$ cat start.txt   # compact mmCIF, C-alpha atoms
# COMPACT_ATOMS: atom_id res chain seq x y z
CA MET I 17 43.61 79.10 -70.53
CA THR I 18 42.73 80.31 -67.04
CA ALA I 19 39.46 78.40 -67.15
CA SER I 20 41.30 75.29 -68.30
CA ALA I 21 43.75 75.63 -65.46
CA HIS I 22 40.88 75.50 -62.98
CA THR I 23 39.49 72.45 -64.71
CA GLU I 24 42.92 70.80 -64.58
CA SER I 25 43.15 71.45 -60.90
CA GLY I 26 39.67 70.03 -60.31
CA THR I 27 40.43 67.03 -62.47
CA ILE I 28 43.64 66.22 -60.68
CA GLY I 29 42.09 67.01 -57.32
CA GLY I 30 39.28 64.56 -58.05
CA PHE I 31 41.75 61.84 -59.01
CA VAL I 32 43.91 62.38 -55.93
CA SER I 33 40.85 62.46 -53.68
CA GLY I 34 39.48 59.25 -55.22
CA PHE I 35 42.86 57.51 -55.15
CA ARG I 36 43.43 58.41 -51.52
CA HIS I 37 40.00 57.37 -50.31
CA PRO I 38 40.44 53.57 -50.21
CA LEU I 39 43.88 54.08 -48.66
CA THR I 40 42.71 56.16 -45.71
CA GLY I 41 40.94 53.45 -43.71
CA LEU I 42 42.80 50.48 -42.26
CA ASP I 43 39.56 48.46 -42.24
CA HIS I 44 39.25 48.94 -46.01
CA ILE I 45 42.92 48.31 -46.74
CA VAL I 46 43.14 44.98 -44.91
CA ALA I 47 39.98 43.68 -46.58
CA MET I 48 41.19 44.61 -50.09
CA VAL I 49 44.58 43.02 -49.47
CA ALA I 50 42.84 39.96 -48.02
CA VAL I 51 40.86 39.53 -51.24
CA GLY I 52 44.14 39.37 -53.17
CA LEU I 53 45.76 37.04 -50.62
CA TRP I 54 42.81 34.67 -50.61
CA GLY I 55 42.61 34.72 -54.38
CA ALA I 56 46.30 33.81 -54.62
CA TYR I 57 45.76 30.96 -52.14
CA LEU I 58 42.82 29.64 -54.14
CA GLY I 59 44.86 29.79 -57.35
CA ALA I 60 43.55 30.31 -60.87
CA PRO I 61 40.87 31.18 -61.84
CA ALA I 62 39.84 32.55 -58.42
CA MET I 63 43.06 34.55 -58.14
CA TRP I 64 41.90 36.75 -61.01
CA LEU I 65 38.18 36.32 -60.78
CA LEU I 66 37.86 37.74 -57.27
CA PRO I 67 39.72 40.98 -58.10
CA VAL I 68 37.56 41.28 -61.24
CA ILE I 69 34.35 40.86 -59.23
CA PHE I 70 35.29 43.03 -56.26
CA PRO I 71 35.73 46.42 -58.02
CA VAL I 72 32.53 46.04 -60.04
CA VAL I 73 30.39 45.04 -57.05
CA MET I 74 32.10 47.65 -54.88
CA ALA I 75 31.29 50.31 -57.48
CA LEU I 76 27.69 49.10 -57.38
CA GLY I 77 27.72 49.65 -53.61
CA GLY I 78 29.44 53.00 -54.17
CA GLY I 79 26.66 53.96 -56.57
CA LEU I 80 24.05 53.10 -53.93
CA GLY I 81 25.95 55.28 -51.45
CA VAL I 82 26.17 58.18 -53.93
CA LEU I 83 22.43 57.91 -54.61
CA GLY I 84 21.69 57.87 -50.88
CA VAL I 85 20.22 54.36 -50.80
CA PRO I 86 20.63 53.19 -47.19
CA LEU I 87 22.23 49.87 -46.25
CA PRO I 88 22.10 48.40 -42.73
CA ALA I 89 25.16 47.91 -40.49
CA VAL I 90 27.68 49.12 -43.06
CA GLU I 91 30.56 49.64 -40.63
CA LYS I 92 29.93 46.32 -38.89
CA CYS I 93 29.91 44.47 -42.22
CA ILE I 94 33.16 46.18 -43.26
CA ALA I 95 34.77 45.07 -40.00
CA LEU I 96 33.29 41.60 -40.43
CA SER I 97 34.80 41.42 -43.92
CA GLY I 98 38.27 41.74 -42.37
CA VAL I 99 37.43 38.95 -39.92
CA ILE I 100 35.95 36.54 -42.48
CA LEU I 101 38.46 37.17 -45.26
CA GLY I 102 41.36 37.14 -42.79
CA LEU I 103 40.21 33.81 -41.34
CA ALA I 104 39.72 32.41 -44.86
CA VAL I 105 43.37 33.21 -45.59
CA ALA I 106 44.57 32.04 -42.17
CA PHE I 107 42.84 28.67 -42.52
CA ALA I 108 43.59 28.44 -46.25
CA ALA I 109 39.88 27.89 -46.86
CA ARG I 110 39.08 26.49 -50.29
CA PRO I 111 35.32 26.70 -50.83
CA PRO I 112 33.82 26.33 -54.32
CA LEU I 113 34.55 29.29 -56.56
CA TRP I 114 30.98 30.57 -56.50
CA VAL I 115 30.94 30.60 -52.69
CA SER I 116 34.12 32.69 -52.49
CA ALA I 117 32.74 34.99 -55.22
CA VAL I 118 29.50 35.50 -53.26
CA ILE I 119 31.40 36.20 -50.00
CA VAL I 120 33.71 38.71 -51.70
CA GLY I 121 30.85 40.32 -53.62
CA PHE I 122 28.70 40.62 -50.50
CA PHE I 123 31.35 42.50 -48.55
CA ALA I 124 32.35 44.58 -51.57
CA ILE I 125 28.91 46.22 -51.57
CA PHE I 126 29.44 47.53 -48.03
CA HIS I 127 32.95 48.80 -48.73
CA GLY I 128 31.69 50.60 -51.82
CA HIS I 129 28.69 52.02 -50.01
CA ALA I 130 30.90 53.54 -47.31
CA HIS I 131 33.10 55.16 -49.95
CA GLY I 132 30.11 56.41 -51.94
CA THR I 133 28.48 57.95 -48.88
CA GLU I 134 31.68 59.74 -47.87
CA LEU I 135 32.28 61.16 -51.36
CA PRO I 136 33.18 64.86 -51.20
CA GLU I 137 30.58 66.98 -53.01
CA ALA I 138 33.16 69.10 -54.80
CA ALA I 139 35.15 66.21 -56.24
CA ASN I 140 35.33 65.79 -60.01
CA ALA I 141 33.10 62.74 -60.39
CA MET I 142 34.87 61.14 -63.33
CA THR I 143 38.44 61.41 -62.08
CA TYR I 144 37.34 60.58 -58.52
CA ALA I 145 35.91 57.32 -59.82
CA VAL I 146 39.09 56.57 -61.81
CA GLY I 147 41.34 57.20 -58.80
CA PHE I 148 39.07 55.23 -56.48
CA VAL I 149 38.95 52.14 -58.69
CA ILE I 150 42.67 52.21 -59.52
CA ALA I 151 43.63 52.46 -55.82
CA THR I 152 41.31 49.57 -54.97
CA GLY I 153 42.69 47.49 -57.82
CA LEU I 154 46.27 48.19 -56.77
CA LEU I 155 45.47 47.02 -53.24
CA HIS I 156 44.17 43.75 -54.69
CA LEU I 157 47.25 43.38 -56.84
CA SER I 158 49.41 43.96 -53.77
CA GLY I 159 47.49 41.19 -51.99
CA ILE I 160 47.95 38.87 -54.96
CA ALA I 161 51.67 39.65 -55.13
CA LEU I 162 52.04 38.85 -51.44
CA GLY I 163 49.80 35.83 -51.82
CA LEU I 164 52.03 34.38 -54.53
CA LEU I 165 54.53 33.65 -51.76
CA VAL I 166 52.44 30.50 -51.12
CA ARG I 167 54.57 28.66 -53.66
CA TRP I 168 57.22 28.32 -50.92
CA PRO I 169 56.57 26.56 -47.59
CA TRP I 170 57.84 29.57 -45.59
CA GLY I 171 55.70 31.81 -47.81
CA ARG I 172 52.57 29.85 -46.88
CA MET I 173 53.35 30.57 -43.22
CA VAL I 174 53.83 34.27 -43.98
CA VAL I 175 50.56 34.50 -45.91
CA ARG I 176 48.57 32.60 -43.28
CA THR I 177 50.07 34.74 -40.53
CA GLY I 178 49.02 37.77 -42.58
CA GLY I 179 45.51 36.34 -42.61
CA VAL I 180 45.57 36.03 -38.81
CA ALA I 181 46.72 39.66 -38.53
CA ILE I 182 43.92 40.80 -40.85
CA ALA I 183 41.34 38.87 -38.84
CA ILE I 184 42.63 40.42 -35.59
CA ILE I 185 42.38 43.90 -37.10
CA GLY I 186 38.86 43.05 -38.28
CA PHE I 187 37.92 41.96 -34.74
CA GLY I 188 39.43 45.21 -33.47
CA PHE I 189 37.12 47.24 -35.66
CA LEU I 190 34.16 44.98 -34.96
CA PHE I 191 34.43 45.45 -31.20
CA GLY I 192 35.36 49.12 -31.33
CA ILE I 193 39.02 48.71 -30.29
CA PHE I 194 39.96 50.44 -33.54
CA LYS I 195 37.96 53.35 -34.91
CA ALA I 196 37.04 53.51 -38.59
CA MET P 12 50.58 42.57 -91.35
CA ARG P 13 49.34 39.51 -89.59
CA HIS P 14 46.10 41.13 -88.50
CA GLY P 15 44.86 41.68 -92.01
CA ALA P 16 44.10 45.25 -91.01
CA PRO P 17 43.85 47.89 -93.72
CA PHE P 18 46.02 50.32 -91.79
CA PRO P 19 49.80 49.98 -91.83
CA GLY P 20 51.29 48.53 -88.65
CA ARG P 21 53.08 51.71 -87.75
CA LEU P 22 49.98 53.84 -87.89
CA PRO P 23 49.36 53.89 -84.12
CA LYS P 24 52.69 55.69 -83.81
CA LEU P 25 51.16 58.53 -85.77
CA LEU P 26 49.35 59.42 -82.56
CA LEU P 27 52.70 60.41 -81.13
CA VAL P 28 53.32 62.59 -84.16
CA PHE P 29 49.99 64.30 -83.61
CA ALA P 30 50.78 64.80 -79.93
CA VAL P 31 54.20 66.22 -80.73
CA SER P 32 52.95 68.40 -83.55
CA ALA P 33 50.25 69.79 -81.28
CA ASN P 34 52.95 71.32 -79.16
CA ALA P 35 55.34 72.19 -81.93
CA HIS P 36 52.77 74.06 -84.00
CA ALA P 37 50.63 75.52 -81.24
CA HIS P 38 51.28 78.99 -82.62
CA THR P 39 51.26 78.16 -86.29
CA ALA P 40 50.06 80.86 -88.64
CA MET P 41 48.07 78.38 -90.71
CA GLU P 42 44.42 79.39 -90.53
CA GLY P 43 42.25 76.83 -88.77
CA SER P 44 45.08 74.57 -87.63
CA ASN P 45 44.52 75.38 -83.94
CA HIS P 46 40.89 74.31 -84.19
CA PHE P 47 41.92 71.12 -85.96
CA THR P 48 44.47 70.40 -83.23
CA GLY P 49 41.85 71.20 -80.61
CA GLY P 50 39.54 68.71 -82.29
CA ILE P 51 42.29 66.08 -82.38
CA LEU P 52 42.96 66.52 -78.67
CA HIS P 53 39.30 66.67 -77.63
CA PRO P 54 38.81 62.95 -76.91
CA LEU P 55 42.05 62.93 -74.91
CA MET P 56 40.84 65.84 -72.81
CA THR P 57 37.47 64.22 -72.11
CA PRO P 58 37.95 61.31 -69.70
CA ALA P 59 34.46 59.91 -70.32
CA HIS P 60 35.22 59.66 -74.05
CA MET P 61 38.60 58.06 -73.41
CA LEU P 62 36.94 55.51 -71.15
CA ILE P 63 34.56 54.46 -73.93
CA LEU P 64 37.34 54.42 -76.53
CA LEU P 65 39.49 52.33 -74.22
CA ALA P 66 36.71 49.82 -73.57
CA LEU P 67 35.65 49.59 -77.22
CA GLY P 68 39.27 49.34 -78.37
CA VAL P 69 40.10 46.52 -75.98
CA ALA P 70 36.80 44.78 -76.81
CA LEU P 71 37.81 44.92 -80.46
CA GLY P 72 41.42 43.88 -79.94
CA GLN P 73 41.09 41.13 -77.36
CA HIS P 74 39.83 38.63 -79.95
CA VAL P 75 42.34 37.98 -82.70
CA PRO P 76 42.58 38.28 -85.64
CA LEU P 77 41.83 41.97 -85.31
CA ARG P 78 38.75 42.83 -87.33
CA VAL P 79 38.67 46.53 -88.05
CA ALA P 80 35.61 46.32 -90.31
CA VAL P 81 33.38 47.40 -87.44
CA LEU P 82 35.58 50.45 -87.00
CA LEU P 83 35.30 51.49 -90.63
CA ARG P 84 31.75 50.36 -91.42
CA VAL P 85 30.02 51.20 -88.15
CA PHE P 86 32.02 53.46 -85.84
CA ALA P 87 33.34 55.87 -88.49
CA PRO P 88 30.00 56.66 -90.21
CA PHE P 89 27.99 56.82 -86.97
CA ALA P 90 30.57 59.13 -85.38
CA ALA P 91 30.55 61.33 -88.49
CA ILE P 92 26.76 61.58 -88.46
CA ALA P 93 26.63 62.37 -84.74
CA LEU P 94 29.38 64.99 -85.02
CA ALA P 95 27.56 66.57 -87.97
CA LEU P 96 24.35 66.66 -85.95
CA THR P 97 26.06 68.74 -83.27
CA ALA P 98 26.67 71.42 -85.91
CA THR P 99 22.96 71.67 -86.58
CA GLY P 100 22.16 72.59 -83.00
CA GLY P 101 22.75 69.18 -81.57
CA ILE P 102 20.64 66.56 -79.88
CA PRO P 103 20.73 66.66 -76.07
CA LEU P 104 22.58 63.71 -74.60
CA HIS P 105 21.77 62.51 -71.10
CA PRO P 106 25.01 62.39 -69.04
CA ALA P 107 24.15 58.81 -68.06
CA ALA P 108 24.38 57.67 -71.70
CA LEU P 109 28.18 57.82 -71.80
CA ALA P 110 28.44 55.94 -68.50
CA ILE P 111 26.01 53.22 -69.63
CA ILE P 112 27.89 52.61 -72.89
CA ALA P 113 31.26 52.50 -71.07
CA LEU P 114 29.72 50.13 -68.51
CA VAL P 115 28.46 47.73 -71.19
CA ALA P 116 31.73 47.87 -73.15
CA GLY P 117 33.77 47.38 -69.96
CA ALA P 118 31.60 44.42 -68.97
CA VAL P 119 32.06 42.88 -72.44
CA VAL P 120 35.85 43.14 -71.99
CA ALA P 121 35.69 41.74 -68.44
CA ILE P 122 33.58 38.75 -69.52
CA GLY P 123 36.03 38.14 -72.33
CA ARG P 124 33.65 36.37 -74.72
CA PRO P 125 33.16 37.66 -78.28
CA LEU P 126 29.79 39.30 -78.92
CA ALA P 127 27.43 38.34 -81.74
CA PRO P 128 28.17 40.54 -84.79
CA LEU P 129 24.89 42.44 -84.48
CA ALA P 130 25.41 43.23 -80.79
CA HIS P 131 29.03 44.10 -81.50
CA GLY P 132 27.98 46.55 -84.21
CA ALA P 133 25.23 48.04 -82.02
CA LEU P 134 27.73 48.66 -79.21
CA PHE P 135 30.15 50.44 -81.51
CA ALA P 136 27.34 52.44 -83.12
CA ALA P 137 26.07 53.51 -79.68
CA GLY P 138 29.58 54.49 -78.60
CA ALA P 139 30.15 56.49 -81.77
CA VAL P 140 26.83 58.33 -81.48
CA ALA P 141 27.27 59.12 -77.78
CA ILE P 142 30.81 60.45 -78.14
CA GLY P 143 29.88 62.32 -81.31
CA LEU P 144 26.86 64.05 -79.79
CA ASP P 145 28.93 64.97 -76.74
CA SER P 146 31.69 66.57 -78.85
CA GLY P 147 29.85 69.61 -80.15
CA VAL P 148 31.67 72.90 -80.80
CA GLU P 149 29.95 75.70 -78.91
CA THR P 150 31.51 78.77 -80.51
CA GLY P 151 32.98 79.84 -83.84
CA GLY P 152 32.01 80.12 -87.46
CA ALA P 153 31.30 77.33 -89.91
CA ALA P 154 34.99 76.86 -90.81
CA THR P 155 35.97 76.59 -87.14
CA VAL P 156 33.25 74.08 -86.40
CA ILE P 157 33.99 71.92 -89.44
CA THR P 158 37.75 71.95 -88.83
CA THR P 159 37.34 71.08 -85.15
CA LEU P 160 34.83 68.31 -85.80
CA LEU P 161 37.02 66.87 -88.55
CA GLY P 162 39.93 66.78 -86.10
CA THR P 163 37.77 65.05 -83.52
CA TRP P 164 36.51 62.47 -86.03
CA ILE P 165 40.02 61.58 -87.21
CA SER P 166 41.24 61.48 -83.63
CA LEU P 167 38.43 59.13 -82.53
CA LEU P 168 39.25 56.68 -85.31
CA LEU P 169 42.98 56.81 -84.67
CA PHE P 170 42.71 56.38 -80.91
CA LEU P 171 40.23 53.56 -81.22
CA TYR P 172 42.36 51.79 -83.80
CA ALA P 173 45.54 52.29 -81.76
CA ILE P 174 43.97 50.86 -78.60
CA ALA P 175 42.51 47.91 -80.53
CA TYR P 176 45.85 47.31 -82.25
CA TYR P 177 47.84 47.17 -79.02
CA ALA P 178 45.18 45.07 -77.30
CA SER P 179 45.37 42.65 -80.22
CA LEU P 180 49.15 42.45 -79.83
CA ALA P 181 48.59 41.37 -76.23
CA ALA P 182 45.90 38.88 -77.28
CA GLU P 183 48.10 37.50 -80.05
CA ARG P 184 50.77 36.49 -77.53
CA LYS P 185 48.31 33.91 -76.16
CA ARG P 186 49.67 34.42 -72.67
CA LYS P 187 47.09 33.76 -70.00
CA TRP P 188 48.18 36.66 -67.82
CA LEU P 189 47.85 39.15 -70.69
CA ASP P 190 44.33 37.95 -71.38
CA ILE P 191 43.54 38.29 -67.66
CA ALA P 192 45.12 41.75 -67.53
CA LEU P 193 42.79 42.90 -70.31
CA ARG P 194 39.78 41.46 -68.48
CA VAL P 195 40.82 43.10 -65.21
CA ALA P 196 41.11 46.40 -67.12
CA GLY P 197 37.58 45.80 -68.40
CA SER P 198 36.30 45.26 -64.88
CA TRP P 199 37.97 48.49 -63.73
CA ILE P 200 36.33 50.36 -66.63
CA ALA P 201 32.97 48.84 -65.71
CA ALA P 202 33.48 49.85 -62.07
CA ILE P 203 34.41 53.42 -62.99
CA SER P 204 31.39 53.59 -65.29
CA LEU P 205 29.06 52.35 -62.56
CA LEU P 206 30.22 55.16 -60.29
CA MET P 207 29.89 57.63 -63.16
CA LEU P 208 26.35 56.42 -63.72
CA ALA P 209 25.50 56.99 -60.07
CA PHE P 210 26.97 60.51 -60.23
CA ALA P 211 24.98 61.24 -63.39
CA LEU P 212 21.74 59.98 -61.84
CA ARG P 213 22.34 61.95 -58.63
CA LYS P 214 22.42 65.31 -60.47
$ encode --input "start.txt" --output "structure tokens"
Amino acid sequence: MTASAHTESGTIGGFVSGFRHPLTGLDHIVAMVAVGLWGAYLGAPAMWLLPVIFPVVMALGGGLGVLGVPLPAVEKCIALSGVILGLAVAFAARPPLWVSAVIVGFFAIFHGHAHGTELPEAANAMTYAVGFVIATGLLHLSGIALGLLVRWPWGRMVVRTGGVAIAIIGFGFLFGIFKA
Amino acid sequence: MRHGAPFPGRLPKLLLVFAVSANAHAHTAMEGSNHFTGGILHPLMTPAHMLILLALGVALGQHVPLRVAVLLRVFAPFAAIALALTATGGIPLHPAALAIIALVAGAVVAIGRPLAPLAHGALFAAGAVAIGLDSGVETGGAATVITTLLGTWISLLLFLYAIAYYASLAAERKRKWLDIALRVAGSWIAAISLLMLAFALRK
């Protein structure tokens, strides 16, 4: 039972570590929430398609980071994701579904890569991955929940103002005002 | 039962009975019962196995009416064969195999389209073999090994059926958001599996 207790601790530790990881960087948080907000603005099927695409592509980027495959300008692209996604929400941009999917997928790779590179060596791989994906998904769901305010005129203002705030934060990271 | 399933509708609740009895009889004097219970709980204690069971179960249940034939004709025999093989010394299983199967099953759920019967069967056979080969009993005599593996086999079938059953209840409601929730769950499983695959390849 002692051995199991150690495994339990490692298992839970891995989950907590993975769950906390996407929540520890403001640049990541605003981009994830922006995906949900934008999806809600675009309406079905984008509202659900974007949060389906993002975790899978982000995990692909995470896998590249875990395997040590380098990507250029990761931090810049993460900051840029806040700017682009924030502006898309702020201006209520409605591109074709495939365009929004490509934009979201493109940035998801960089977010995932950053997380994969920063993965603690000791973490339980399986539960780390579970925690990581669940936290990311919950951030999207939070964005969607906020984004659903667009059904009211005042809600549209709130959501678009949120987009402006996200874009400003993105600019802050892009020009080094905020540190990742 | 509307599903036309051979199991009674209340059968998934038996899982709770197993879970409760595992605690209640942890110190039972009945020879071999601890190994059986250990076998029953094994898939629950192995997150990679649960991930595959979850993905396969939802893949089975998200298209109604629920067809459990693949469970009985494909998953059950392949799992039994693979579990039996572990008793003969076992066949080494690459850690990436579990992640790849979970990835494919998760992607199938996320896409939300029914697979061709042959591909469907192949996926369930692969899942059964991978989980089975990864569930070997390392210590103990023949009775211990057989009892544990029997527990694992029964547990695999029950968990898979229970997940499929509840997924089919959601699918039966024909509510768009429930269908989407299942597909989002599939995408999360695929994402977790992708990371698992990277971890497995890094080692």
$ interface_residues --input "start.txt" --of "chain P" --to "chain I" --cutoff "9 Å" --atoms "only C-alpha atoms" --output "ChimeraX atom specification"
/P:58-59,121,191-192,194-213
$ write_last_selection --input "start.txt" --atoms "C-alpha atoms" --output "mmCIF file, in the frame of the given file"
data_model
loop_
_atom_site.group_PDB
_atom_site.id
_atom_site.type_symbol
_atom_site.label_atom_id
_atom_site.label_comp_id
_atom_site.auth_asym_id
_atom_site.auth_seq_id
_atom_site.Cartn_x
_atom_site.Cartn_y
_atom_site.Cartn_z
ATOM 1 C CA PRO P 58 37.950 61.310 -69.700
ATOM 2 C CA ALA P 59 34.460 59.910 -70.320
ATOM 3 C CA ALA P 121 35.690 41.740 -68.440
ATOM 4 C CA ILE P 191 43.540 38.290 -67.660
ATOM 5 C CA ALA P 192 45.120 41.750 -67.530
ATOM 6 C CA ARG P 194 39.780 41.460 -68.480
ATOM 7 C CA VAL P 195 40.820 43.100 -65.210
ATOM 8 C CA ALA P 196 41.110 46.400 -67.120
ATOM 9 C CA GLY P 197 37.580 45.800 -68.400
ATOM 10 C CA SER P 198 36.300 45.260 -64.880
ATOM 11 C CA TRP P 199 37.970 48.490 -63.730
ATOM 12 C CA ILE P 200 36.330 50.360 -66.630
ATOM 13 C CA ALA P 201 32.970 48.840 -65.710
ATOM 14 C CA ALA P 202 33.480 49.850 -62.070
ATOM 15 C CA ILE P 203 34.410 53.420 -62.990
ATOM 16 C CA SER P 204 31.390 53.590 -65.290
ATOM 17 C CA LEU P 205 29.060 52.350 -62.560
ATOM 18 C CA LEU P 206 30.220 55.160 -60.290
ATOM 19 C CA MET P 207 29.890 57.630 -63.160
ATOM 20 C CA LEU P 208 26.350 56.420 -63.720
ATOM 21 C CA ALA P 209 25.500 56.990 -60.070
ATOM 22 C CA PHE P 210 26.970 60.510 -60.230
ATOM 23 C CA ALA P 211 24.980 61.240 -63.390
ATOM 24 C CA LEU P 212 21.740 59.980 -61.840
ATOM 25 C CA ARG P 213 22.340 61.950 -58.630
#
$ atom_distance --input "start.txt" --atom1 "atom CA of I:Lys195" --atom2 "atom CA of I:Ala151"
21.7 Å
$ closest_residue --input "start.txt" --among "I:Leu154, I:Val85, I:Val51, I:Ala95" --to "I:Thr133" --atoms "all atoms listed in the file"
I:Val85
$ residues_around --input "start.txt" --residues "P:Leu67" --least-positions-apart "2" --cutoff "8 Å" --atoms "all atoms listed in the file" --output "count of residues only"
12
$ axis_aligned_box --input "start.txt" --around "stretch 188-194 of chain I" --padding-each-side "8 Å" --output "AutoDock Vina command-line options"
--center_x 37.1 --center_y 47.7 --center_z -33.0 --size_x 21.8 --size_y 21.5 --size_z 21.4
$ decode --input "start.txt" --residues "stretch 43-101 of chain P" --atoms "C-alpha atoms" --output "PDB file, in the first residue's frame"
ATOM      1  CA  GLY P  43      -9.148 -15.414  -4.302  1.00  0.00           C
ATOM      2  CA  SER P  44     -11.772 -12.707  -3.889  1.00  0.00           C
ATOM      3  CA  ASN P  45      -9.167  -9.974  -3.340  1.00  0.00           C
ATOM      4  CA  HIS P  46      -7.479 -10.836  -6.616  1.00  0.00           C
ATOM      5  CA  PHE P  47     -10.829 -10.822  -8.381  1.00  0.00           C
ATOM      6  CA  THR P  48     -11.628  -7.411  -6.898  1.00  0.00           C
ATOM      7  CA  GLY P  49      -8.172  -6.213  -7.866  1.00  0.00           C
ATOM      8  CA  GLY P  50      -8.856  -7.372 -11.408  1.00  0.00           C
ATOM      9  CA  ILE P  51     -12.225  -5.616 -11.430  1.00  0.00           C
ATOM     10  CA  LEU P  52     -10.645  -2.353 -10.304  1.00  0.00           C
ATOM     11  CA  HIS P  53      -7.620  -2.581 -12.597  1.00  0.00           C
ATOM     12  CA  PRO P  54      -9.063  -0.636 -15.557  1.00  0.00           C
ATOM     13  CA  LEU P  55     -10.276   2.061 -13.160  1.00  0.00           C
ATOM     14  CA  MET P  56      -6.802   2.401 -11.692  1.00  0.00           C
ATOM     15  CA  THR P  57      -5.144   2.662 -15.098  1.00  0.00           C
ATOM     16  CA  PRO P  58      -5.968   6.049 -16.645  1.00  0.00           C
ATOM     17  CA  ALA P  59      -4.737   5.034 -20.106  1.00  0.00           C
ATOM     18  CA  HIS P  60      -7.176   2.104 -20.121  1.00  0.00           C
ATOM     19  CA  MET P  61     -10.035   4.269 -18.901  1.00  0.00           C
ATOM     20  CA  LEU P  62      -9.289   6.760 -21.663  1.00  0.00           C
ATOM     21  CA  ILE P  63      -9.639   4.051 -24.320  1.00  0.00           C
ATOM     22  CA  LEU P  64     -12.769   2.611 -22.689  1.00  0.00           C
ATOM     23  CA  LEU P  65     -14.278   6.080 -22.506  1.00  0.00           C
ATOM     24  CA  ALA P  66     -13.546   6.813 -26.163  1.00  0.00           C
ATOM     25  CA  LEU P  67     -14.727   3.414 -27.395  1.00  0.00           C
ATOM     26  CA  GLY P  68     -17.831   3.563 -25.203  1.00  0.00           C
ATOM     27  CA  VAL P  69     -18.842   6.999 -26.442  1.00  0.00           C
ATOM     28  CA  ALA P  70     -18.033   5.990 -30.038  1.00  0.00           C
ATOM     29  CA  LEU P  71     -20.382   3.047 -29.601  1.00  0.00           C
ATOM     30  CA  GLY P  72     -23.127   4.964 -27.824  1.00  0.00           C
ATOM     31  CA  GLN P  73     -23.237   8.200 -29.793  1.00  0.00           C
ATOM     32  CA  HIS P  74     -25.063   6.550 -32.701  1.00  0.00           C
ATOM     33  CA  VAL P  75     -28.428   5.147 -31.710  1.00  0.00           C
ATOM     34  CA  PRO P  76     -29.836   2.538 -31.612  1.00  0.00           C
ATOM     35  CA  LEU P  77     -27.069   1.156 -29.424  1.00  0.00           C
ATOM     36  CA  ARG P  78     -25.494  -1.849 -31.109  1.00  0.00           C
ATOM     37  CA  VAL P  79     -23.681  -3.949 -28.566  1.00  0.00           C
ATOM     38  CA  ALA P  80     -22.850  -6.734 -31.026  1.00  0.00           C
ATOM     39  CA  VAL P  81     -19.361  -5.302 -31.507  1.00  0.00           C
ATOM     40  CA  LEU P  82     -18.882  -5.474 -27.755  1.00  0.00           C
ATOM     41  CA  LEU P  83     -19.845  -9.132 -27.539  1.00  0.00           C
ATOM     42  CA  ARG P  84     -18.501 -10.419 -30.861  1.00  0.00           C
ATOM     43  CA  VAL P  85     -15.297  -8.399 -31.130  1.00  0.00           C
ATOM     44  CA  PHE P  86     -14.238  -6.688 -27.913  1.00  0.00           C
ATOM     45  CA  ALA P  87     -15.016  -9.561 -25.515  1.00  0.00           C
ATOM     46  CA  PRO P  88     -13.159 -12.344 -27.394  1.00  0.00           C
ATOM     47  CA  PHE P  89     -10.171 -10.170 -28.352  1.00  0.00           C
ATOM     48  CA  ALA P  90      -9.816  -8.934 -24.769  1.00  0.00           C
ATOM     49  CA  ALA P  91     -10.045 -12.513 -23.484  1.00  0.00           C
ATOM     50  CA  ILE P  92      -7.355 -13.701 -25.898  1.00  0.00           C
ATOM     51  CA  ALA P  93      -5.032 -10.798 -25.069  1.00  0.00           C
ATOM     52  CA  LEU P  94      -5.510 -11.269 -21.312  1.00  0.00           C
ATOM     53  CA  ALA P  95      -4.814 -14.992 -21.703  1.00  0.00           C
ATOM     54  CA  LEU P  96      -1.647 -14.205 -23.646  1.00  0.00           C
ATOM     55  CA  THR P  97      -0.318 -12.186 -20.715  1.00  0.00           C
ATOM     56  CA  ALA P  98      -0.466 -15.359 -18.608  1.00  0.00           C
ATOM     57  CA  THR P  99       1.829 -17.133 -21.043  1.00  0.00           C
ATOM     58  CA  GLY P 100       4.604 -14.605 -20.585  1.00  0.00           C
ATOM     59  CA  GLY P 101       2.956 -11.842 -22.511  1.00  0.00           C
TER      60      GLY P 101
END
